[in-house]
There are 2 protein chains.
Amino acid sequence: MWEVTADTLEALAIGTGILGTGGGGNPYLGKLEAQAQLRLGRTIRVVGLDEVPDDALATTVGGMGAPVVGVERIQQGEEALRAMRAVERHLGRRFTHVLPGEIGGANGIQPMIVAAQTGLPVIDADGMGRAFPELQMDTFTIYGVRPTPGALSDQHGHEVVFDGIADAVVLERYARAVTIQMGGAAGYAFPPMTAAELRRTAIPGTVTLARRLGEAVLAARAEHADPVGAALRATGGRRLFSGKIVDVERRLVGGFARGVLLLDGLGDDEGRTLRIDFQNENLIARASDGSILAVVPDLICIVDIDSAEPITTEIVRYGLRVAVLGIPAPDLLKTPQALDVIGPAAFGYPDVPYAPIPGRYGGWG
Amino acid sequence: MWEVTADTLEALAIGTGILGTGGGGNPYLGKLEAQAQLRLGRTIRVVGLDEVPDDALATTVGGMGAPVVGVERIQQGEEALRAMRAVERHLGRRFTHVLPGEIGGANGIQPMIVAAQTGLPVIDADGMGRAFPELQMDTFTIYGVRPTPGALSDQHGHEVVFDGIADAVVLERYARAVTIQMGGAAGYAFPPMTAAELRRTAIPGTVTLARRLGEAVLAARAEHADPVGAALRATGGRRLFSGKIVDVERRLVGGFARGVLLLDGLGDDEGRTLRIDFQNENLIARASDGSILAVVPDLICIVDIDSAEPITTEIVRYGLRVAVLGIPAPDLLKTPQALDVIGPAAFGYPDVPYAPIPGRYGGWG
């Protein structure tokens, strides 16, 4: 168990931002809200998966929406809590723990706010080890946790509860349609999970990983050392490319920000180019000769070349000088069962095989 | 109190079909399902609004969707019941009565099926006295009943519960978006209402009106008398036009069937033409000189010129010989408060004043 401080939140905002792989929304506003909660005297505790009692009932909480429209609207602070209360009323049971559905981006911070509001501990685990654009793309539902009951709520207090939905792809369609009606952003809570389900399906240690990643970057900045190198050491990743953003093609399709980035190489990569396709998150990084440097589910993270500040899909723009990091996906994302849902084919690249980046997620093991 | 028989259902199918004013879906499949329920030995009782005990808890049940896609899918028989059970679980209370949200079309029959399945009585009242295309267009919400909690369910057992929504227009948006995701058709249950709320806001006697209308048409057919005249006497309506359908322009927009019908006059109307605009339901009937013969909320009903069989929006086609009936709207639809929601301006005709057809709805009073 560890307690979250204002400093931890600074680190978490950087770590979750990098692990967002371009998507997941900017954690900045969530960090401010969580820090405000701490100043009110509230506490946020993070507990390990092995510390969760057998009779626990947990749910992921966060925000749903396209980053382009959603980033400034999903952090009002009450939406995810209200969604959680709606599921509790529906179940007739209270939750004992919350956790991030995705450690990447704003949703890596959002459970901290709900934890401060409720006093519930945050479990040190998530369902993606990164960010993904659709809600069925988590290890909970991939490994058989029933996706409902769940709920969405918005800043007007509107509540929509889903139940009886066994297929998370169907829930994704319903929830996305409701989110669009809610103005493009909503707080969510789902699915209810027991300790046994979590121990079987969650990716453990990811809140700690995001914290350590952020702390490593902050320490390197303070020491005028190499923040990008520190990020690579903290995550088990490798540098795929250094370059300048020379083109950004972005459009909003069905609630998602889709597009392509083009980079011209700098330093060792001078004379080479890189193309990155994204759907909220970065999906595939291709060199000018067509060779694939990294592909989903491995993490393709764009950071400022000097500070390692995460560059998300909604803020990426011409002229930024960036490093592109490739981080091996967690093992739970690499099984055939998982690749069916979050492999290249699931994102519209049926001809791209998944060739894993060598190494272990987080440098673990 | 009266009990519904197979014969009553024949009459109700015709009466609800005519009162559907072109929309509300075809009651034919619902009639067959309700008759099948009766053959299983189940009973369907209809009780007057004055027979409803003070501690009753009622809800409207029915199907939501565009008639063009929905007519054959909203009558599976279990969707509305499942939606009702979802609201009960959400409330932690059981309903004691059901009633039609709209007496017009398939939704005038649907509560009979739920009544047979559950043994609950059907209240002899509804919220429209006809059919309307959107759910906020009922007297319950117009006169202040809170529209949620409510629920939708589909043939796969998917359940979506709405709560915390004070504005029925917002609920309409959410419910329509979910209905589209459910394949264009869903069963619904909402809002929960007390006896006091019903007595204040419901249009009483409309199930009996639909039954008597159908019985009058059937009797006239059996006697080789004038079914159209019988329909007019049973409803307090007048014949607006007799003619042949010469053009049908129809398109599906946002889940609604919108379009225009053109008719060439027959008999006394020889040499004249009529234009009818519809959005699921018929909205406005205009003569060739531009004069308005009838406009929403008054009922514009198209029936076969010989048999008075109702002609709905989804089956209207070139060559049909029809009578167009104009029936005065119920008084509860004629207040300024109601006209804001279901008057000509609400349907996109801001320059058309509501000039009521003389007489009383149902020939009452």
# chains A, B, ... in the order shown; residues from 1 in each chain; ligands from 1
call {"tool": "select_by_dssp", "arguments": {"residues": "segment 62-310 of chain B", "states": "strand (DSSP E or B)", "output": "PyMOL selection string"}}
result
chain B and resi 62-65+97-99+122-123+125-126+150-153+159-163+185-189+193-194+203-204+238-253+256-265+273-279+281-287+292-295+299-304+310
call {"tool": "residues_around", "arguments": {"residues": "segment 8-14 of chain B", "least_positions_apart": "3", "cutoff": "10 Å", "atoms": "only C-alpha atoms", "output": "number ranges by chain"}}
result
B: 3-5, 17-20, 26-32, 34-35, 103-106, 108-109, 112, 207-219, 308-310
call {"tool": "write_last_selection", "arguments": {"atoms": "C-alpha atoms", "output": "short mmCIF file (atom, residue, chain, number, x, y, z; two decimals), in the first residue's frame"}}
result
data_model
loop_
_atom_site.label_atom_id
_atom_site.label_comp_id
_atom_site.auth_asym_id
_atom_site.auth_seq_id
_atom_site.Cartn_x
_atom_site.Cartn_y
_atom_site.Cartn_z
CA GLU B 3 -61.78 -8.51 -20.41
CA VAL B 4 -60.02 -8.64 -23.75
CA THR B 5 -61.08 -11.47 -26.10
CA GLY B 17 -54.38 1.28 -36.63
CA ILE B 18 -56.70 4.15 -37.56
CA LEU B 19 -55.75 6.21 -34.49
CA GLY B 20 -52.09 5.71 -35.46
CA ASN B 26 -48.73 -1.87 -37.71
CA PRO B 27 -50.69 -3.54 -34.87
CA TYR B 28 -51.17 -6.76 -36.85
CA LEU B 29 -48.30 -8.79 -35.38
CA GLY B 30 -49.07 -7.56 -31.87
CA LYS B 31 -52.65 -8.69 -32.29
CA LEU B 32 -51.50 -12.19 -33.30
CA ALA B 34 -51.83 -11.23 -27.89
CA GLN B 35 -54.28 -13.74 -29.37
CA ILE B 103 -53.05 4.28 -28.32
CA GLY B 104 -52.22 4.65 -32.01
CA GLY B 105 -50.56 1.81 -33.89
CA ALA B 106 -48.67 -1.21 -32.55
CA GLY B 108 -51.87 0.46 -28.57
CA ILE B 109 -51.74 -3.37 -28.55
CA MET B 112 -52.03 -6.26 -23.91
CA VAL B 207 -58.42 1.89 -25.11
CA THR B 208 -62.22 1.71 -25.10
CA LEU B 209 -62.32 4.26 -27.92
CA ALA B 210 -59.96 2.15 -30.06
CA ARG B 211 -62.05 -0.93 -29.35
CA ARG B 212 -65.37 0.78 -30.21
CA LEU B 213 -63.87 2.29 -33.37
CA GLY B 214 -62.72 -1.14 -34.52
CA GLU B 215 -66.03 -2.75 -33.57
CA ALA B 216 -67.95 -0.09 -35.52
CA VAL B 217 -65.83 -0.67 -38.63
CA LEU B 218 -66.15 -4.46 -38.36
CA ALA B 219 -69.93 -4.25 -37.86
CA ALA B 308 -61.84 1.65 -43.67
CA GLU B 309 -58.75 -0.52 -43.20
CA PRO B 310 -56.01 1.75 -41.82
#
call {"tool": "closest_residue", "arguments": {"among": "A:Gly326, A:Pro111, A:Gly271, A:Pro204", "to": "Val228 of chain A", "atoms": "only C-alpha atoms"}}
result
A:Gly326
call {"tool": "closest_atom_pairs", "arguments": {"of": "chain A", "to": "chain B", "cutoff": "10 Å", "atoms": "only C-alpha atoms", "output": "tab-separated table"}}
result
residue	atom	partner	partner_atom	distance
A:Ala86	CA	B:Asp163	CA	8.6
A:Val87	CA	B:His90	CA	9.7
A:Arg89	CA	B:His90	CA	7.1
A:His90	CA	B:His90	CA	5.4
A:Leu91	CA	B:His90	CA	8.5
A:Gly92	CA	B:His90	CA	9.0
A:Thr148	CA	B:Glu159	CA	9.6
A:Pro149	CA	B:Glu159	CA	9.2
A:Gly150	CA	B:Val160	CA	9.6
A:Ala151	CA	B:Val161	CA	8.8
A:Leu152	CA	B:Phe162	CA	9.6
A:Ser153	CA	B:Gly164	CA	9.1
A:His156	CA	B:Ile165	CA	8.3
A:Gly157	CA	B:Gly164	CA	5.8
A:His158	CA	B:Gly164	CA	4.7
A:Glu159	CA	B:Asp163	CA	4.9
A:Val160	CA	B:Phe162	CA	4.5
A:Val161	CA	B:Val161	CA	4.7
A:Phe162	CA	B:Val160	CA	4.5
A:Asp163	CA	B:Glu159	CA	4.9
A:Gly164	CA	B:His158	CA	4.7
A:Ile165	CA	B:His158	CA	5.1
A:Ala166	CA	B:His158	CA	8.4
A:Asp167	CA	B:His158	CA	9.8
A:Val170	CA	B:Gln181	CA	8.5
A:Leu171	CA	B:His158	CA	9.0
A:Arg173	CA	B:Gln181	CA	6.8
A:Tyr174	CA	B:Val178	CA	6.0
A:Ala175	CA	B:Val178	CA	8.6
A:Arg176	CA	B:Val178	CA	9.6
A:Ala177	CA	B:Ala177	CA	5.9
A:Val178	CA	B:Tyr174	CA	6.0
A:Thr179	CA	B:Tyr174	CA	9.1
A:Ile180	CA	B:Ala177	CA	8.9
A:Gln181	CA	B:Tyr174	CA	6.1
A:Met182	CA	B:Tyr174	CA	8.2
call {"tool": "write_last_selection", "arguments": {"atoms": "N, CA and C atoms", "output": "short mmCIF file (atom, residue, chain, number, x, y, z; two decimals), in the first residue's frame"}}
result
data_model
loop_
_atom_site.label_atom_id
_atom_site.label_comp_id
_atom_site.auth_asym_id
_atom_site.auth_seq_id
_atom_site.Cartn_x
_atom_site.Cartn_y
_atom_site.Cartn_z
N ALA A 86 -24.52 4.73 -9.80
CA ALA A 86 -25.64 4.16 -10.57
C ALA A 86 -25.52 2.64 -10.66
N VAL A 87 -24.29 2.15 -10.88
CA VAL A 87 -24.10 0.70 -10.93
C VAL A 87 -24.36 0.09 -9.56
N ARG A 89 -26.44 1.21 -7.23
CA ARG A 89 -27.90 1.14 -7.02
C ARG A 89 -28.49 -0.02 -7.82
N HIS A 90 -28.00 -0.19 -9.03
CA HIS A 90 -28.51 -1.27 -9.88
C HIS A 90 -28.21 -2.64 -9.27
N LEU A 91 -26.98 -2.80 -8.73
CA LEU A 91 -26.57 -4.08 -8.14
C LEU A 91 -27.15 -4.30 -6.76
N GLY A 92 -27.46 -3.19 -6.06
CA GLY A 92 -27.81 -3.32 -4.65
C GLY A 92 -26.60 -3.65 -3.79
N THR A 148 -21.16 -6.18 -18.33
CA THR A 148 -22.20 -5.40 -17.65
C THR A 148 -22.60 -6.11 -16.38
N PRO A 149 -23.27 -5.41 -15.42
CA PRO A 149 -23.78 -4.05 -15.54
C PRO A 149 -22.69 -2.99 -15.51
N GLY A 150 -22.99 -1.90 -16.19
CA GLY A 150 -22.11 -0.76 -16.21
C GLY A 150 -22.95 0.49 -16.42
N ALA A 151 -22.33 1.66 -16.26
CA ALA A 151 -23.11 2.89 -16.39
C ALA A 151 -22.26 4.02 -16.96
N LEU A 152 -22.95 4.95 -17.59
CA LEU A 152 -22.37 6.22 -18.02
C LEU A 152 -23.12 7.35 -17.33
N SER A 153 -22.42 8.45 -17.07
CA SER A 153 -23.10 9.63 -16.55
C SER A 153 -22.41 10.86 -17.13
N HIS A 156 -24.61 16.70 -16.49
CA HIS A 156 -25.97 17.12 -16.14
C HIS A 156 -26.64 16.14 -15.17
N GLY A 157 -25.93 15.10 -14.77
CA GLY A 157 -26.54 14.12 -13.88
C GLY A 157 -27.32 13.04 -14.60
N HIS A 158 -27.29 13.05 -15.93
CA HIS A 158 -27.95 11.99 -16.68
C HIS A 158 -27.23 10.67 -16.42
N GLU A 159 -27.99 9.61 -16.23
CA GLU A 159 -27.40 8.30 -15.96
C GLU A 159 -27.98 7.28 -16.93
N VAL A 160 -27.10 6.46 -17.51
CA VAL A 160 -27.54 5.38 -18.38
C VAL A 160 -26.86 4.10 -17.90
N VAL A 161 -27.68 3.11 -17.53
CA VAL A 161 -27.17 1.84 -17.01
C VAL A 161 -27.36 0.77 -18.08
N PHE A 162 -26.33 -0.02 -18.33
CA PHE A 162 -26.39 -1.11 -19.30
C PHE A 162 -26.36 -2.43 -18.54
N ASP A 163 -27.20 -3.38 -18.98
CA ASP A 163 -27.15 -4.71 -18.37
C ASP A 163 -27.54 -5.75 -19.41
N GLY A 164 -27.24 -7.00 -19.11
CA GLY A 164 -27.63 -8.09 -19.99
C GLY A 164 -26.82 -8.15 -21.27
N ILE A 165 -25.70 -7.47 -21.32
CA ILE A 165 -24.88 -7.43 -22.54
C ILE A 165 -23.64 -8.29 -22.31
N ALA A 166 -23.58 -9.42 -23.00
CA ALA A 166 -22.47 -10.36 -22.79
C ALA A 166 -21.29 -10.02 -23.68
N ASP A 167 -21.54 -9.32 -24.77
CA ASP A 167 -20.50 -9.04 -25.76
C ASP A 167 -20.03 -7.59 -25.59
N VAL A 170 -20.68 -5.07 -28.34
CA VAL A 170 -22.03 -4.50 -28.33
C VAL A 170 -22.10 -3.37 -27.31
N LEU A 171 -21.55 -3.60 -26.12
CA LEU A 171 -21.54 -2.54 -25.11
C LEU A 171 -20.80 -1.32 -25.63
N ARG A 173 -20.57 -0.28 -28.68
CA ARG A 173 -21.45 0.43 -29.62
C ARG A 173 -22.50 1.24 -28.86
N TYR A 174 -23.14 0.62 -27.88
CA TYR A 174 -24.17 1.32 -27.11
C TYR A 174 -23.56 2.51 -26.36
N ALA A 175 -22.44 2.24 -25.69
CA ALA A 175 -21.85 3.28 -24.85
C ALA A 175 -21.34 4.43 -25.71
N ARG A 176 -20.81 4.12 -26.88
CA ARG A 176 -20.30 5.17 -27.76
C ARG A 176 -21.47 6.03 -28.25
N ALA A 177 -22.59 5.38 -28.59
CA ALA A 177 -23.77 6.13 -29.06
C ALA A 177 -24.29 7.05 -27.97
N VAL A 178 -24.32 6.56 -26.74
CA VAL A 178 -24.80 7.39 -25.63
C VAL A 178 -23.80 8.52 -25.34
N THR A 179 -22.51 8.19 -25.41
CA THR A 179 -21.48 9.21 -25.16
C THR A 179 -21.60 10.36 -26.15
N ILE A 180 -21.86 10.02 -27.41
CA ILE A 180 -22.03 11.07 -28.42
C ILE A 180 -23.23 11.94 -28.05
N GLN A 181 -24.33 11.32 -27.60
CA GLN A 181 -25.51 12.09 -27.18
C GLN A 181 -25.21 12.93 -25.95
N MET A 182 -24.27 12.47 -25.12
CA MET A 182 -23.89 13.23 -23.92
C MET A 182 -22.94 14.37 -24.27
#
call {"tool": "closest_residue", "arguments": {"among": "A:Arg317, A:Arg286, A:Arg45, A:His97", "to": "Thr60 of chain A", "atoms": "only C-alpha atoms"}}
result
A:His97
call {"tool": "residues_around", "arguments": {"residues": "Asp298 of chain A", "least_positions_apart": "3", "cutoff": "6 Å", "atoms": "only C-alpha atoms", "output": "JSON, numbers by chain"}}
result
{"A": [295, 327, 328, 329]}
call {"tool": "closest_residue", "arguments": {"among": "A:His224, A:Arg42, A:Arg251, A:Arg200", "to": "Ala125 of chain A", "atoms": "only C-alpha atoms"}}
result
A:Arg200
call {"tool": "decode", "arguments": {"residues": "segment 188-318 of chain B", "atoms": "C-alpha atoms", "output": "CSV table (one decimal), in the first residue's frame"}}
result
chain,number,residue,atom,x,y,z
B,188,TYR,CA,-39.5,0.2,-23.7
B,189,ALA,CA,-40.9,0.9,-20.3
B,190,PHE,CA,-41.2,4.4,-18.8
B,191,PRO,CA,-42.1,6.5,-16.9
B,192,PRO,CA,-43.2,5.0,-13.6
B,193,MET,CA,-46.4,6.9,-12.6
B,194,THR,CA,-48.6,7.0,-9.5
B,195,ALA,CA,-52.4,7.0,-9.7
B,196,ALA,CA,-52.5,10.7,-8.9
B,197,GLU,CA,-50.1,11.5,-11.8
B,198,LEU,CA,-52.1,9.4,-14.2
B,199,ARG,CA,-55.4,11.0,-13.2
B,200,ARG,CA,-53.9,14.4,-13.7
B,201,THR,CA,-52.1,13.8,-17.0
B,202,ALA,CA,-53.5,10.7,-18.9
B,203,ILE,CA,-56.1,10.9,-21.7
B,204,PRO,CA,-58.8,8.6,-20.3
B,205,GLY,CA,-60.9,6.1,-22.2
B,206,THR,CA,-58.7,5.7,-25.2
B,207,VAL,CA,-58.4,1.9,-25.1
B,208,THR,CA,-62.2,1.7,-25.1
B,209,LEU,CA,-62.3,4.3,-27.9
B,210,ALA,CA,-60.0,2.2,-30.1
B,211,ARG,CA,-62.0,-0.9,-29.4
B,212,ARG,CA,-65.4,0.8,-30.2
B,213,LEU,CA,-63.9,2.3,-33.4
B,214,GLY,CA,-62.7,-1.1,-34.5
B,215,GLU,CA,-66.0,-2.7,-33.6
B,216,ALA,CA,-68.0,-0.1,-35.5
B,217,VAL,CA,-65.8,-0.7,-38.6
B,218,LEU,CA,-66.2,-4.5,-38.4
B,219,ALA,CA,-69.9,-4.3,-37.9
B,220,ALA,CA,-70.3,-2.0,-40.9
B,221,ARG,CA,-68.3,-4.3,-43.0
B,222,ALA,CA,-70.3,-7.3,-41.9
B,223,GLU,CA,-73.5,-5.4,-42.7
B,224,HIS,CA,-72.2,-4.2,-46.0
B,225,ALA,CA,-72.8,-0.8,-44.7
B,226,ASP,CA,-70.4,2.2,-44.8
B,227,PRO,CA,-67.2,1.4,-42.7
B,228,VAL,CA,-65.7,4.8,-43.3
B,229,GLY,CA,-68.9,6.5,-42.1
B,230,ALA,CA,-68.9,4.2,-39.0
B,231,ALA,CA,-65.4,5.2,-38.2
B,232,LEU,CA,-66.3,8.9,-38.4
B,233,ARG,CA,-69.3,8.4,-36.1
B,234,ALA,CA,-67.1,6.4,-33.6
B,235,THR,CA,-64.4,9.1,-33.4
B,236,GLY,CA,-66.2,12.4,-33.8
B,237,GLY,CA,-64.3,12.9,-37.1
B,238,ARG,CA,-65.1,14.2,-40.5
B,239,ARG,CA,-64.1,13.2,-44.0
B,240,LEU,CA,-61.4,15.6,-45.3
B,241,PHE,CA,-60.9,14.0,-48.7
B,242,SER,CA,-61.5,11.0,-50.9
B,243,GLY,CA,-58.9,10.2,-53.5
B,244,LYS,CA,-56.2,8.0,-55.0
B,245,ILE,CA,-52.6,8.0,-53.9
B,246,VAL,CA,-50.6,9.3,-56.9
B,247,ASP,CA,-47.2,9.9,-55.4
B,248,VAL,CA,-45.3,8.8,-52.3
B,249,GLU,CA,-42.0,10.4,-51.4
B,250,ARG,CA,-40.4,8.7,-48.4
B,251,ARG,CA,-37.0,8.7,-46.8
B,252,LEU,CA,-35.5,7.4,-43.6
B,253,VAL,CA,-33.9,10.3,-41.6
B,254,GLY,CA,-32.4,9.8,-38.2
B,255,GLY,CA,-34.6,6.8,-37.5
B,256,PHE,CA,-37.8,8.4,-38.8
B,257,ALA,CA,-39.8,7.9,-41.9
B,258,ARG,CA,-40.3,11.3,-43.4
B,259,GLY,CA,-42.1,12.2,-46.6
B,260,VAL,CA,-45.0,13.5,-48.6
B,261,LEU,CA,-48.1,11.9,-50.1
B,262,LEU,CA,-50.0,13.3,-53.0
B,263,LEU,CA,-53.7,12.4,-53.7
B,264,ASP,CA,-56.0,13.0,-56.7
B,265,GLY,CA,-59.6,13.4,-55.7
B,266,LEU,CA,-62.4,10.9,-56.4
B,267,GLY,CA,-66.2,11.4,-56.2
B,268,ASP,CA,-67.0,14.7,-54.6
B,269,ASP,CA,-63.3,15.6,-54.6
B,270,GLU,CA,-62.8,14.9,-58.3
B,271,GLY,CA,-60.5,17.5,-59.8
B,272,ARG,CA,-59.0,18.5,-56.5
B,273,THR,CA,-55.7,17.3,-55.0
B,274,LEU,CA,-54.4,16.8,-51.5
B,275,ARG,CA,-50.9,16.9,-50.1
B,276,ILE,CA,-50.1,15.2,-46.8
B,277,ASP,CA,-46.7,15.7,-45.0
B,278,PHE,CA,-45.7,13.0,-42.6
B,279,GLN,CA,-42.9,12.2,-40.1
B,280,ASN,CA,-44.0,8.6,-39.2
B,281,GLU,CA,-47.4,10.1,-38.5
B,282,ASN,CA,-49.4,12.3,-40.9
B,283,LEU,CA,-48.8,16.0,-39.9
B,284,ILE,CA,-50.6,18.3,-42.2
B,285,ALA,CA,-53.2,18.0,-45.0
B,286,ARG,CA,-53.3,20.7,-47.6
B,287,ALA,CA,-55.7,21.2,-50.5
B,288,SER,CA,-54.4,22.3,-54.0
B,289,ASP,CA,-55.3,25.9,-53.2
B,290,GLY,CA,-52.9,25.8,-50.3
B,291,SER,CA,-55.6,25.9,-47.7
B,292,ILE,CA,-55.0,23.6,-44.7
B,293,LEU,CA,-57.7,21.0,-44.0
B,294,ALA,CA,-56.1,19.6,-40.9
B,295,VAL,CA,-52.9,20.0,-38.9
B,296,VAL,CA,-51.2,18.2,-36.0
B,297,PRO,CA,-52.2,17.6,-33.2
B,298,ASP,CA,-55.6,16.9,-34.9
B,299,LEU,CA,-55.6,13.3,-36.2
B,300,ILE,CA,-55.2,12.9,-40.0
B,301,CYS,CA,-56.1,9.2,-40.7
B,302,ILE,CA,-55.8,7.5,-44.1
B,303,VAL,CA,-58.1,4.5,-44.5
B,304,ASP,CA,-59.2,2.3,-47.4
B,305,ILE,CA,-62.1,4.0,-49.1
B,306,ASP,CA,-64.3,0.9,-49.0
B,307,SER,CA,-63.2,-1.1,-45.9
B,308,ALA,CA,-61.8,1.6,-43.7
B,309,GLU,CA,-58.8,-0.5,-43.2
B,310,PRO,CA,-56.0,1.8,-41.8
B,311,ILE,CA,-53.3,2.7,-44.3
B,312,THR,CA,-50.0,3.2,-42.5
B,313,THR,CA,-47.0,5.2,-43.6
B,314,GLU,CA,-45.0,2.1,-44.3
B,315,ILE,CA,-47.6,0.4,-46.6
B,316,VAL,CA,-49.0,3.5,-48.4
B,317,ARG,CA,-48.3,3.2,-52.1
B,318,TYR,CA,-49.3,4.4,-55.5
